Structure formats: C-alpha cells, structure tokens
Amino acid sequence: MADPMRIRAQVAGDKATVRVLMAHEMETGQRKDAAGKTIPAWHIQDVTAQHNGKTVMTAQWGPAVSKNPFLQFNVKGAKAGDKITVSWVDNRGDKRSDEATVS
Amino acid sequence: MKRTWVACALLASLAAWAQPKSAADGIAEYRKMLEDGNPAELFEARGEALWKQKRGPKNASLEACDLGKGPGVVKGAWVEMPRHFADTGRVQDLESRLLTCMETLQGFSAAEIAKTPFGRDEQKNVTALATWIAASSRGMKFSLPQGHPEERRFYELGKRAFFFRGGPMDFSCASCHGEAGKRIRLQDLPMLTKNPGDGIGFAAWPAYRVSNGEMWSMQLRLNDCFRQQRFPYPGFASEMTIALGSYMGVNAKGAESIAPAIKR
C-alpha cells in the first residue's frame with residue numbers, strides 16, 4: 001500500500017485552495033537500471049478530487065509528471081469544515097485515497 | 001549639453017544596476033515556489049510513523065530512544081547533535097544514534113544497515129526518521145554541547161578533516177567551503193568555517209533534492225562531498241563523518257535550522 005498523501009485545504013475568499021503532495025515513484029518507463037534493463041513504467045494515471053462527495057476535478061496523468069508530485073487547485077464555493085477527498089490510481093492498479101477538512 | 005550627457009549616462013548606469021536579476025535571485029525565487037509543496041513532508045510523515053511503529057526482530061518502537069535530551073524526546077534533539085552519549089561512550093550524530101537505537105531497541109543489525117546503499121531497505125527508513133527528527137527542531141538555533149572532552153576532540157578531528165587536502169585533485173572541504181562568495185555553476189557554496197547564517201550550510205540539511213527526487217540526510221550530503229573530491233567513500237556513520245558534523249555544527253552555533261529544506 002502506498003504512503004499517505006498530504007492534503008491541505010484553506011479557504012481563500014469564495015474558494016478554497018487545495019494543495020496535495022503524493023508519494024509516488026512516477027517511473028517513466030524510459031530509464032534503465034544498472035544492469036541495462038528497462039525499468040518498467042509505474043506512474044499515477046487517474047486523479048480525482050471530490051468536494052463533499054461530489055467530483056469536482058478529474059485528471060489523467062502520464063510519465064511526464066514528476067516523482068512525489070505536487071498538485072494545487074481551487075474549489076469554488078468550498079467553506080470551512082467541508083471535506084475534500086483526493087484519490088489516485090496508478091498503472092499497476094494500486095490506489096490511494098485521502099481526505100482533508102477545509103480550514 | 002555635456003552635462004545632460006553625463007546625467008543620462010548616470011541614469012542609464014543606475015537603471016542597469018537596479019534592474020538585472022542575478023542568477024541567485026532566480027534560484028531563490030524558484031525555491032520559494034517549490035517550498036509550498038516540499039515533498040520532504042512525505043518523508044517527515046513516514047519518519048513519524050516509523051518512530052511509533054513496532055518493528056524489527058524485537059518488535060519494539062523507537063519511542064524509548066534517547067537522542068540526547070532523554071528517552072523519547074525528539075524536539076530540539078537535532079540542533080544539539082553530534083554529541084557525546086554516555087551509554088555508548090561515543091560522540092554520535094543523528095544517524096549513528098538511530099542505528100544504535102535500532103539495534104538495542106528493535107534488534108536490527110547496525111553494521112548491516114550501515115552497509116546498505118542509500119535509499120534502500122532500512123537505510124531508507126533511517127533517512128525518513130532523520131527527516132522527521134530534524135523537522136521537529138525546525139526554527140530552533142544550533143547549540144552543540146562542547147563540555148565533554150570527546151566532543152572537543154571530535155571538533156578538532158573534524159577541523160583537521162575539513163582542511164585535509166588529498167585525492168587526485170588535491171582538494172579539501174576548505175577548497176570550496178573555506179571562503180565566502182564561492183559557487184559551483186549556479187549553486188552558492190556556504191562558508192563553513194564560521195556560522196554561514198540561518199538555514200544555510202549545516203542548518204539546511206536534511207533536504208529534498210528536486211533534480212533526482214531523493215531525500216538527503218547529512219550522511220548522504222557528506223558522502224557526496226567526498227565523491228566530488230574524488231576521495232574514497234567514507235563509511236556510513238563513521239567517525240570521520242561525525243567529526244565533520246561536529247565541526248560544522250559547532251561552527252553553525254546560533255544558526256536557525258530550516259530542515260527539511262528543498263534544493264534544486
């Protein structure tokens with residue numbers, strides 16, 4: 001199981017700024033190991049963000065996204081106490097979902 | 001007419017002087033942007049979980065580990081290390097102390113972990129633990145104890161190592177870190193023979209390296225300095241690395257720790 005994400009969500013005016021750090025290798029599939037063998041691609045493919053259970057953002061990611069990615073977005077109309085859930089699925093089918101409360 | 005020319009030239013030179021953003025400013029700006037999402041936080045979280053988790057052959061947590069401020073006290077420990085520990089009778093830095101605790105409390109083999117390459121197996125856990133422990137002293141000022149004769153010996157030993165020249169390029173640590181205002185390509189090199197300032201040099205590590213996505217503890221930082229000098233690699237948590245830590249740490253007295261920092 002993957003390590004937990006770090007999610008911070010803060011109200012800024014009529015929206016909330018959400019900052020997410022994900023722990024993932026994000027292997028591109030282009031690199032070779034010491035023995036010269038290609039390291040298979042292993043990266044996050046789908047990212048979903050939910051605001052109180054309603055999907056507000058989806059993203060499709062590929063090998064160009066960095067290791068341990070950082071994601072920031074705004075959620076319109078989110079208020080303090082609301083729940084923000086972020087989840088990802090990688091190309092191996094591994095998933096992770098974490099929740100944060102808007103402050 | 002001549003006077004206006006002079007005035008114009010003066011104005012132009014003033015504008016030119018005020019305008020250009022130096023490379024260092026650009027890098028500082030870039031770091032500022034990255035700080036918001038420093039992935040070191042992920043290692044911090046991992047380290048904290050590892051500290052409390054029961055692991056190893058003895059199935060114990062590290063919560064009874066004495067980092068110099070009493071068993072289980074983490075806050076403020078980082079800014080007072082390396083220091084002398086009565087139970088082992090040695091001066092130890094954070095990583096070597098972690099090895100001791102992992103061996104005595106959890107039953108891991110310290111020698112085995114020291115031999116493991118960086119970023120693998122238990123070595124990865126040591127880095128995560130070091131990140132969290134260092135982060136717990138964020139904003140505190142370095143104040144290494146120098147009361148014990150061994151601590152003073154390590155400082156002197158570190159000083160000698162710092163100025164020791166050798167290798168195919170006749171380098172010493174002091175070649176790069178012995179005077180102010182030096183840099184390698186775009187990286188400013190801190191002067192480590194005195195306090196280089198808050199969050200610079202010794203006070204900036206452990207740090208997350210953006211370019212390779214790795215978390216670097218002080219041991220790995222030193223290891224890479226040895227590589228750059230084309231010296232043989234030092235042993236993990238060896239006396240030499242701890243002595244260098246003592247030297248830099250004592251010199252950094254009063255500097256505020258910003259660990260874990262983020263580097264290019």
# chains A, B, ... in the order shown; residues from 1 in each chain; ligands from 1
>>> select_by_dssp(residues="stretch 29-109 of chain B", states="alpha helix (DSSP H)", output="PyMOL selection string")
chain B and resi 29-35+40-52+94-104
>>> closest_atom_pairs(of="stretch 110-166 of chain B", to="stretch 191-197 of chain B", cutoff="12 Å", atoms="only C-alpha atoms", output="Markdown table")
| residue | atom | partner | partner_atom | distance |
| --- | --- | --- | --- | --- |
| B:Lys141 | CA | B:Gly197 | CA | 10.6 |
| B:Phe142 | CA | B:Asn195 | CA | 9.9 |
| B:Ser143 | CA | B:Asn195 | CA | 11.4 |
| B:Tyr155 | CA | B:Thr193 | CA | 11.7 |
| B:Gly158 | CA | B:Thr193 | CA | 11.0 |
| B:Lys159 | CA | B:Thr193 | CA | 8.7 |
| B:Arg160 | CA | B:Thr193 | CA | 11.7 |
| B:Phe162 | CA | B:Thr193 | CA | 8.9 |
| B:Phe163 | CA | B:Thr193 | CA | 9.9 |
>>> residues_around(residues="B:Ser109", least_positions_apart="3", cutoff="12 Å", atoms="only C-alpha atoms", output="CSV table (one decimal) with N, CA and C atoms, in the first residue's frame")
chain,number,residue,atom,x,y,z
B,56,GLY,N,11.0,-4.7,13.7
B,56,GLY,CA,12.3,-5.4,13.9
B,56,GLY,C,12.1,-6.7,14.7
B,57,PRO,N,13.3,-7.4,14.8
B,57,PRO,CA,13.2,-8.7,15.5
B,57,PRO,C,12.6,-8.6,16.9
B,58,LYS,N,12.8,-7.5,17.6
B,58,LYS,CA,12.3,-7.4,19.0
B,58,LYS,C,10.9,-6.8,19.0
B,98,LEU,N,20.6,6.8,15.6
B,98,LEU,CA,19.4,6.0,15.2
B,98,LEU,C,19.8,4.5,15.0
B,99,LEU,N,21.0,4.3,14.5
B,99,LEU,CA,21.5,2.9,14.3
B,99,LEU,C,21.6,2.2,15.6
B,100,THR,N,22.1,2.9,16.6
B,100,THR,CA,22.3,2.4,18.0
B,100,THR,C,20.9,2.0,18.5
B,101,CYS,N,19.9,2.9,18.4
B,101,CYS,CA,18.6,2.7,18.9
B,101,CYS,C,17.9,1.5,18.2
B,102,MET,N,18.1,1.5,16.9
B,102,MET,CA,17.5,0.4,16.1
B,102,MET,C,18.1,-0.9,16.5
B,103,GLU,N,19.4,-0.9,16.9
B,103,GLU,CA,20.0,-2.2,17.3
B,103,GLU,C,19.6,-2.6,18.7
B,104,THR,N,19.7,-1.7,19.6
B,104,THR,CA,19.4,-2.0,21.0
B,104,THR,C,17.9,-2.2,21.3
B,105,LEU,N,17.1,-1.3,20.7
B,105,LEU,CA,15.6,-1.4,21.0
B,105,LEU,C,14.9,-2.4,20.1
B,106,GLN,N,15.2,-2.3,18.8
B,106,GLN,CA,14.5,-3.1,17.8
B,106,GLN,C,15.1,-4.4,17.4
B,112,GLU,N,24.8,-4.0,9.5
B,112,GLU,CA,24.1,-4.4,8.3
B,112,GLU,C,23.5,-3.2,7.6
B,113,ILE,N,22.8,-2.3,8.4
B,113,ILE,CA,22.2,-1.1,7.9
B,113,ILE,C,23.3,-0.2,7.3
B,114,ALA,N,24.4,0.0,8.1
B,114,ALA,CA,25.4,0.9,7.6
B,114,ALA,C,26.0,0.5,6.3
B,115,LYS,N,26.0,-0.8,6.0
B,115,LYS,CA,26.5,-1.3,4.7
B,115,LYS,C,25.5,-1.2,3.6
B,116,THR,N,24.2,-1.0,3.9
B,116,THR,CA,23.2,-0.9,2.9
B,116,THR,C,23.4,0.4,2.1
B,122,GLU,N,16.3,-0.7,5.0
B,122,GLU,CA,16.3,0.0,6.3
B,122,GLU,C,17.0,1.4,6.2
B,123,GLN,N,17.9,1.6,5.2
B,123,GLN,CA,18.6,2.8,5.0
B,123,GLN,C,17.6,3.9,4.7
>>> residues_around(residues="B:Thr131", least_positions_apart="4", cutoff="9 Å", atoms="only C-alpha atoms", output="PyMOL selection string")
chain B and resi 40-41+43-44+47+126-127+135-136+205-207+215-217+259-260
>>> write_last_selection(atoms="N, CA and C atoms", output="JSON list (two decimals), in the first residue's frame")
[["chain", "number", "residue", "atom", "x", "y", "z"],
["B", 40, "ALA", "N", 9.56, 16.75, 1.08],
["B", 40, "ALA", "CA", 10.18, 16.29, 2.32],
["B", 40, "ALA", "C", 9.10, 16.00, 3.36],
["B", 41, "GLU", "N", 7.96, 16.69, 3.23],
["B", 41, "GLU", "CA", 6.84, 16.46, 4.15],
["B", 41, "GLU", "C", 6.38, 15.00, 4.13],
["B", 43, "PHE", "N", 8.31, 12.46, 3.61],
["B", 43, "PHE", "CA", 9.31, 11.69, 4.36],
["B", 43, "PHE", "C", 9.15, 11.93, 5.86],
["B", 44, "GLU", "N", 8.79, 13.17, 6.18],
["B", 44, "GLU", "CA", 8.52, 13.51, 7.58],
["B", 44, "GLU", "C", 7.41, 12.63, 8.14],
["B", 47, "GLY", "N", 8.60, 9.15, 8.57],
["B", 47, "GLY", "CA", 9.51, 9.04, 9.70],
["B", 47, "GLY", "C", 8.76, 9.01, 11.03],
["B", 126, "VAL", "N", 15.96, 4.98, 7.85],
["B", 126, "VAL", "CA", 16.83, 5.85, 8.66],
["B", 126, "VAL", "C", 16.71, 7.29, 8.15],
["B", 127, "THR", "N", 16.71, 7.46, 6.83],
["B", 127, "THR", "CA", 16.59, 8.80, 6.25],
["B", 127, "THR", "C", 15.25, 9.44, 6.62],
["B", 135, "ALA", "N", 13.10, 17.79, 11.44],
["B", 135, "ALA", "CA", 11.97, 18.71, 11.24],
["B", 135, "ALA", "C", 11.35, 19.14, 12.57],
["B", 136, "SER", "N", 11.46, 18.28, 13.59],
["B", 136, "SER", "CA", 10.89, 18.61, 14.89],
["B", 136, "SER", "C", 11.64, 19.76, 15.56],
["B", 205, "TRP", "N", 20.17, 21.06, 6.08],
["B", 205, "TRP", "CA", 20.01, 19.63, 5.81],
["B", 205, "TRP", "C", 19.38, 18.93, 6.99],
["B", 206, "PRO", "N", 18.65, 17.83, 6.83],
["B", 206, "PRO", "CA", 18.32, 17.10, 5.61],
["B", 206, "PRO", "C", 17.50, 17.95, 4.62],
["B", 207, "ALA", "N", 17.63, 17.64, 3.35],
["B", 207, "ALA", "CA", 16.91, 18.39, 2.34],
["B", 207, "ALA", "C", 16.44, 17.46, 1.22],
["B", 215, "MET", "N", 15.58, 12.18, -0.91],
["B", 215, "MET", "CA", 15.72, 12.86, 0.37],
["B", 215, "MET", "C", 17.15, 12.63, 0.83],
["B", 216, "TRP", "N", 17.85, 13.73, 1.12],
["B", 216, "TRP", "CA", 19.25, 13.62, 1.52],
["B", 216, "TRP", "C", 19.44, 14.00, 2.98],
["B", 217, "SER", "N", 19.99, 13.07, 3.75],
["B", 217, "SER", "CA", 20.34, 13.37, 5.12],
["B", 217, "SER", "C", 21.78, 13.89, 5.13],
["B", 259, "ALA", "N", 15.55, 22.80, 8.37],
["B", 259, "ALA", "CA", 15.36, 21.45, 7.86],
["B", 259, "ALA", "C", 13.92, 20.97, 8.09],
["B", 260, "PRO", "N", 13.34, 20.21, 7.19],
["B", 260, "PRO", "CA", 13.92, 19.80, 5.92],
["B", 260, "PRO", "C", 13.77, 20.87, 4.84]]
>>> interface_residues(of="chain A", to="chain B", cutoff="7 Å", atoms="only C-alpha atoms", output="list of chain:residue names")
A:Arg6, A:Leu21, A:Ala23, A:Lys67, A:Asn68, A:Phe70
>>> select_by_dssp(residues="chain A", states="strand (DSSP E)", output="PyMOL selection string")
chain A and resi 6-12+15-21+44-51+54-60+70-76+83-90+95-101
>>> residues_around(residues="A:Val86", least_positions_apart="2", cutoff="6 Å", atoms="only C-alpha atoms", output="mmCIF file with C-alpha atoms, in the first residue's frame")
data_model
loop_
_atom_site.group_PDB
_atom_site.id
_atom_site.type_symbol
_atom_site.label_atom_id
_atom_site.label_comp_id
_atom_site.auth_asym_id
_atom_site.auth_seq_id
_atom_site.Cartn_x
_atom_site.Cartn_y
_atom_site.Cartn_z
ATOM 1 C CA THR A 48 -9.963 12.505 -8.793
ATOM 2 C CA ALA A 49 -10.869 15.259 -6.368
ATOM 3 C CA SER A 97 -7.470 7.943 -1.218
ATOM 4 C CA ASP A 98 -7.063 10.580 1.467
#
>>> residues_around(residues="A:Val65", least_positions_apart="2", cutoff="10 Å", atoms="only C-alpha atoms", output="compact mmCIF listing (two decimals) with C-alpha atoms, in the first residue's frame")
# COMPACT_ATOMS: atom_id res chain seq x y z
CA MET A 26 6.42 8.03 -11.07
CA GLU A 27 8.74 5.84 -13.11
CA THR A 28 8.59 6.86 -16.78
CA HIS A 43 3.00 6.13 -12.59
CA ILE A 44 -0.28 7.61 -11.45
CA TRP A 61 -1.57 11.77 -15.70
CA GLY A 62 1.29 10.22 -17.57
CA PRO A 63 5.01 9.62 -17.28
CA LYS A 67 8.29 11.94 -8.71
CA ASN A 68 6.41 12.73 -5.49
CA PRO A 69 4.06 15.08 -7.37
CA PHE A 70 2.59 18.29 -6.01
>>> atom_distance(atom1="atom CA of A:Ala78", atom2="atom CA of A:Thr58")
17.1 Å
>>> closest_residue(among="A:Ala100, A:Ala59, A:Ala64, A:Val18", to="A:Gly81", atoms="only C-alpha atoms")
A:Ala100
>>> atom_distance(atom1="atom CA of B:Met248", atom2="atom CA of B:Tyr233")
19.1 Å
>>> residues_around(residues="A:Lys95", least_positions_apart="6", cutoff="12 Å", atoms="only C-alpha atoms", output="number ranges by chain")
A: 1-5, 22-24, 43-48, 86-89
>>> write_last_selection(atoms="N, CA and C atoms", output="PDB file, in the first residue's frame")
ATOM      1  N   MET A   1       0.841  -1.193   0.000  1.00  0.00           N
ATOM      2  CA  MET A   1       0.000   0.000   0.000  1.00  0.00           C
ATOM      3  C   MET A   1       0.886   1.257   0.000  1.00  0.00           C
ATOM      4  N   ALA A   2       0.443   2.195  -0.761  1.00  0.00           N
ATOM      5  CA  ALA A   2       1.240   3.427  -0.906  1.00  0.00           C
ATOM      6  C   ALA A   2       1.197   4.265   0.362  1.00  0.00           C
ATOM      7  N   ASP A   3       2.187   5.118   0.500  1.00  0.00           N
ATOM      8  CA  ASP A   3       2.236   6.037   1.645  1.00  0.00           C
ATOM      9  C   ASP A   3       1.120   7.074   1.512  1.00  0.00           C
ATOM     10  N   PRO A   4       0.664   7.612   2.653  1.00  0.00           N
ATOM     11  CA  PRO A   4      -0.429   8.594   2.580  1.00  0.00           C
ATOM     12  C   PRO A   4      -0.033   9.898   1.888  1.00  0.00           C
ATOM     13  N   MET A   5      -1.054  10.580   1.379  1.00  0.00           N
ATOM     14  CA  MET A   5      -0.842  11.897   0.769  1.00  0.00           C
ATOM     15  C   MET A   5      -0.877  12.937   1.875  1.00  0.00           C
ATOM     16  N   MET A  22       1.729  13.922  -3.174  1.00  0.00           N
ATOM     17  CA  MET A  22       1.532  12.475  -3.278  1.00  0.00           C
ATOM     18  C   MET A  22       2.896  11.778  -3.254  1.00  0.00           C
ATOM     19  N   ALA A  23       2.952  10.650  -2.558  1.00  0.00           N
ATOM     20  CA  ALA A  23       4.194   9.882  -2.530  1.00  0.00           C
ATOM     21  C   ALA A  23       4.111   8.818  -3.613  1.00  0.00           C
ATOM     22  N   HIS A  24       4.849   9.000  -4.684  1.00  0.00           N
ATOM     23  CA  HIS A  24       4.845   8.006  -5.754  1.00  0.00           C
ATOM     24  C   HIS A  24       6.149   8.067  -6.535  1.00  0.00           C
ATOM     25  N   HIS A  43       3.384   4.759 -12.912  1.00  0.00           N
ATOM     26  CA  HIS A  43       3.000   6.131 -12.585  1.00  0.00           C
ATOM     27  C   HIS A  43       1.502   6.245 -12.328  1.00  0.00           C
ATOM     28  N   ILE A  44       1.134   7.336 -11.718  1.00  0.00           N
ATOM     29  CA  ILE A  44      -0.278   7.613 -11.448  1.00  0.00           C
ATOM     30  C   ILE A  44      -0.977   7.903 -12.772  1.00  0.00           C
ATOM     31  N   GLN A  45      -2.171   7.302 -12.953  1.00  0.00           N
ATOM     32  CA  GLN A  45      -2.886   7.518 -14.205  1.00  0.00           C
ATOM     33  C   GLN A  45      -4.107   8.419 -14.043  1.00  0.00           C
ATOM     34  N   ASP A  46      -4.861   8.155 -12.986  1.00  0.00           N
ATOM     35  CA  ASP A  46      -6.082   8.939 -12.799  1.00  0.00           C
ATOM     36  C   ASP A  46      -6.084   9.600 -11.436  1.00  0.00           C
ATOM     37  N   VAL A  47      -6.439  10.867 -11.428  1.00  0.00           N
ATOM     38  CA  VAL A  47      -6.565  11.611 -10.174  1.00  0.00           C
ATOM     39  C   VAL A  47      -7.981  12.165 -10.110  1.00  0.00           C
ATOM     40  N   THR A  48      -8.612  11.990  -8.976  1.00  0.00           N
ATOM     41  CA  THR A  48      -9.963  12.505  -8.793  1.00  0.00           C
ATOM     42  C   THR A  48     -10.007  13.317  -7.511  1.00  0.00           C
ATOM     43  N   VAL A  86      -9.117  13.341  -2.145  1.00  0.00           N
ATOM     44  CA  VAL A  86      -8.315  13.185  -3.357  1.00  0.00           C
ATOM     45  C   VAL A  86      -7.941  11.713  -3.478  1.00  0.00           C
ATOM     46  N   SER A  87      -8.104  11.151  -4.655  1.00  0.00           N
ATOM     47  CA  SER A  87      -7.708   9.767  -4.851  1.00  0.00           C
ATOM     48  C   SER A  87      -6.977   9.596  -6.164  1.00  0.00           C
ATOM     49  N   TRP A  88      -6.089   8.620  -6.195  1.00  0.00           N
ATOM     50  CA  TRP A  88      -5.386   8.318  -7.434  1.00  0.00           C
ATOM     51  C   TRP A  88      -5.336   6.821  -7.681  1.00  0.00           C
ATOM     52  N   VAL A  89      -5.184   6.476  -8.945  1.00  0.00           N
ATOM     53  CA  VAL A  89      -4.998   5.082  -9.347  1.00  0.00           C
ATOM     54  C   VAL A  89      -3.778   5.065 -10.250  1.00  0.00           C
TER      55      VAL A  89
END
>>> closest_residue(among="B:Phe231, B:Phe236, B:Trp132, B:Trp78", to="B:Gln219", atoms="only C-alpha atoms")
B:Phe236
>>> atom_distance(atom1="atom CA of A:Ile39", atom2="atom CA of B:Arg120")
16.3 Å
>>> decode(residues="stretch 25-50 of chain A", atoms="N, CA and C atoms", output="short mmCIF file (atom, residue, chain, number, x, y, z; two decimals), in the first residue's frame")
data_model
loop_
_atom_site.label_atom_id
_atom_site.label_comp_id
_atom_site.auth_asym_id
_atom_site.auth_seq_id
_atom_site.Cartn_x
_atom_site.Cartn_y
_atom_site.Cartn_z
N GLU A 25 6.61 6.91 -6.97
CA GLU A 25 7.86 6.83 -7.73
C GLU A 25 7.78 7.53 -9.08
N MET A 26 6.62 7.43 -9.74
CA MET A 26 6.42 8.03 -11.07
C MET A 26 7.53 7.64 -12.06
N GLU A 27 7.71 6.36 -12.21
CA GLU A 27 8.74 5.84 -13.11
C GLU A 27 8.23 5.98 -14.54
N THR A 28 9.07 6.55 -15.43
CA THR A 28 8.59 6.86 -16.78
C THR A 28 8.54 5.66 -17.72
N GLY A 29 9.36 4.65 -17.43
CA GLY A 29 9.47 3.53 -18.36
C GLY A 29 10.55 3.78 -19.40
N GLN A 30 11.26 4.91 -19.28
CA GLN A 30 12.33 5.26 -20.22
C GLN A 30 13.70 4.96 -19.62
N ARG A 31 13.76 4.84 -18.30
CA ARG A 31 15.07 4.70 -17.65
C ARG A 31 15.53 3.25 -17.63
N LYS A 32 16.84 3.09 -17.56
CA LYS A 32 17.42 1.75 -17.46
C LYS A 32 18.12 1.60 -16.12
N ASP A 33 18.11 0.38 -15.59
CA ASP A 33 18.78 0.16 -14.31
C ASP A 33 20.27 -0.13 -14.54
N ALA A 34 20.98 -0.44 -13.46
CA ALA A 34 22.43 -0.65 -13.54
C ALA A 34 22.79 -1.79 -14.48
N ALA A 35 21.87 -2.77 -14.62
CA ALA A 35 22.15 -3.92 -15.47
C ALA A 35 21.76 -3.66 -16.93
N GLY A 36 21.25 -2.45 -17.23
CA GLY A 36 20.88 -2.13 -18.59
C GLY A 36 19.47 -2.49 -18.98
N LYS A 37 18.73 -3.03 -18.02
CA LYS A 37 17.34 -3.41 -18.29
C LYS A 37 16.41 -2.23 -18.07
N THR A 38 15.41 -2.11 -18.93
CA THR A 38 14.47 -1.01 -18.79
C THR A 38 13.67 -1.16 -17.50
N ILE A 39 13.54 -0.06 -16.76
CA ILE A 39 12.71 -0.07 -15.56
C ILE A 39 11.28 0.16 -16.03
N PRO A 40 10.37 -0.78 -15.73
CA PRO A 40 9.02 -0.63 -16.26
C PRO A 40 8.31 0.62 -15.75
N ALA A 41 7.46 1.17 -16.62
CA ALA A 41 6.72 2.38 -16.26
C ALA A 41 5.83 2.11 -15.06
N TRP A 42 5.77 3.07 -14.18
CA TRP A 42 4.93 2.93 -12.99
C TRP A 42 4.57 4.34 -12.55
N HIS A 43 3.38 4.76 -12.91
CA HIS A 43 3.00 6.13 -12.59
C HIS A 43 1.50 6.24 -12.33
N ILE A 44 1.13 7.34 -11.72
CA ILE A 44 -0.28 7.61 -11.45
C ILE A 44 -0.98 7.90 -12.77
N GLN A 45 -2.17 7.30 -12.95
CA GLN A 45 -2.89 7.52 -14.20
C GLN A 45 -4.11 8.42 -14.04
N ASP A 46 -4.86 8.16 -12.99
CA ASP A 46 -6.08 8.94 -12.80
C ASP A 46 -6.08 9.60 -11.44
N VAL A 47 -6.44 10.87 -11.43
CA VAL A 47 -6.56 11.61 -10.17
C VAL A 47 -7.98 12.17 -10.11
N THR A 48 -8.61 11.99 -8.98
CA THR A 48 -9.96 12.51 -8.79
C THR A 48 -10.01 13.32 -7.51
N ALA A 49 -10.68 14.45 -7.58
CA ALA A 49 -10.87 15.26 -6.37
C ALA A 49 -12.36 15.41 -6.12
N GLN A 50 -12.77 15.21 -4.88
CA GLN A 50 -14.19 15.34 -4.53
C GLN A 50 -14.37 16.37 -3.43
#
